[in-house]
Amino acid sequence: MTKIICVLYDDPIDGYPKSYPRDTIPQITVYPDGQTAPTPKAIDFKPGELLGSVSGELGLRKFLEDLGHTFIVTSDKDGPDSVLERELHDAEIVISQPFWPAYLTAERIAKAPQLKLALTAGIGSDHVNLQAAIDRALLLLKLPTVTASVCPSMSS
């Protein structure tokens, strides 16, 4: 199965807010015409939670691990002893964020012979050495809004 490294922001230093303005918005379960609202079964988070930090794991851990994939989530991305550096050698996918990027330099790409995909959970690709990615035929994706819908292709 696939090994995925996800480099995300640290959790907020002061913790998460106890409530949000959106908490008072009514939950839609049925549309005016009687059709029921979608009810996703593969999510392991409460809609509205902050998913773009380490504890939120983009809401993907249960989904990916249920499919047999290894999912490493960290904010430790810099230096030779970082989690990213230690885990990259056999990873096939790296997910990163644009304002907390896991830089995929030519050296890191060379050390990761199994790497097939560098996914940015947001915009931009300036944290990936594009020439090294081209030379390795590494797939680069940018997803301004990351949802679990990007993952079904990982099951094959």
# chains A, B, ... in the order shown; residues from 1 in each chain; ligands from 1

$ residues_around --residues "A:Phe99" --least-positions-apart "5" --cutoff "10 Å" --atoms "only C-alpha atoms" --output "ChimeraX atom specification"
/A:8-9,121-124,127

$ select_by_dssp --residues "chain A" --states "alpha helix (DSSP H)" --output "NGL selection string"
:A and (61-66 or 83-87 or 106-110 or 130-135)

$ closest_residue --among "A:Lys77, A:Lys3, A:Lys142, A:Arg61" --to "A:Leu115" --atoms "only C-alpha atoms"
A:Lys3

$ select_by_dssp --residues "chain A" --states "strand (DSSP E or B)" --output "ChimeraX atom specification"
/A:3-7,9,30,36,53,70-74,93-97,100,104,117-120,128,139-142

$ residues_around --residues "A:Ser75" --least-positions-apart "3" --cutoff "9 Å" --atoms "only C-alpha atoms" --output "ChimeraX atom specification"
/A:6-10,53-54,78,83-84,100,102

$ write_last_selection --atoms "C-alpha atoms" --output "PDB file, in the first residue's frame"
ATOM      1  CA  CYS A   6       1.318  15.008   5.272  1.00  0.00           C
ATOM      2  CA  VAL A   7       3.114  18.149   6.485  1.00  0.00           C
ATOM      3  CA  LEU A   8       0.661  20.494   8.196  1.00  0.00           C
ATOM      4  CA  TYR A   9       0.599  23.524  10.458  1.00  0.00           C
ATOM      5  CA  ASP A  10       1.100  22.997  14.175  1.00  0.00           C
ATOM      6  CA  SER A  53      -3.353  21.442  11.302  1.00  0.00           C
ATOM      7  CA  VAL A  54      -1.589  18.404  12.718  1.00  0.00           C
ATOM      8  CA  ASP A  78      13.118  21.175   8.480  1.00  0.00           C
ATOM      9  CA  VAL A  83      10.240  13.612  10.555  1.00  0.00           C
ATOM     10  CA  LEU A  84       9.874  14.540   6.887  1.00  0.00           C
ATOM     11  CA  TRP A 100       3.933  25.947   5.696  1.00  0.00           C
ATOM     12  CA  ALA A 102       7.556  20.950   2.915  1.00  0.00           C
TER      13      ALA A 102
END

$ atom_distance --atom1 "atom CA of A:Leu141" --atom2 "atom CA of A:Val94"
10.4 Å
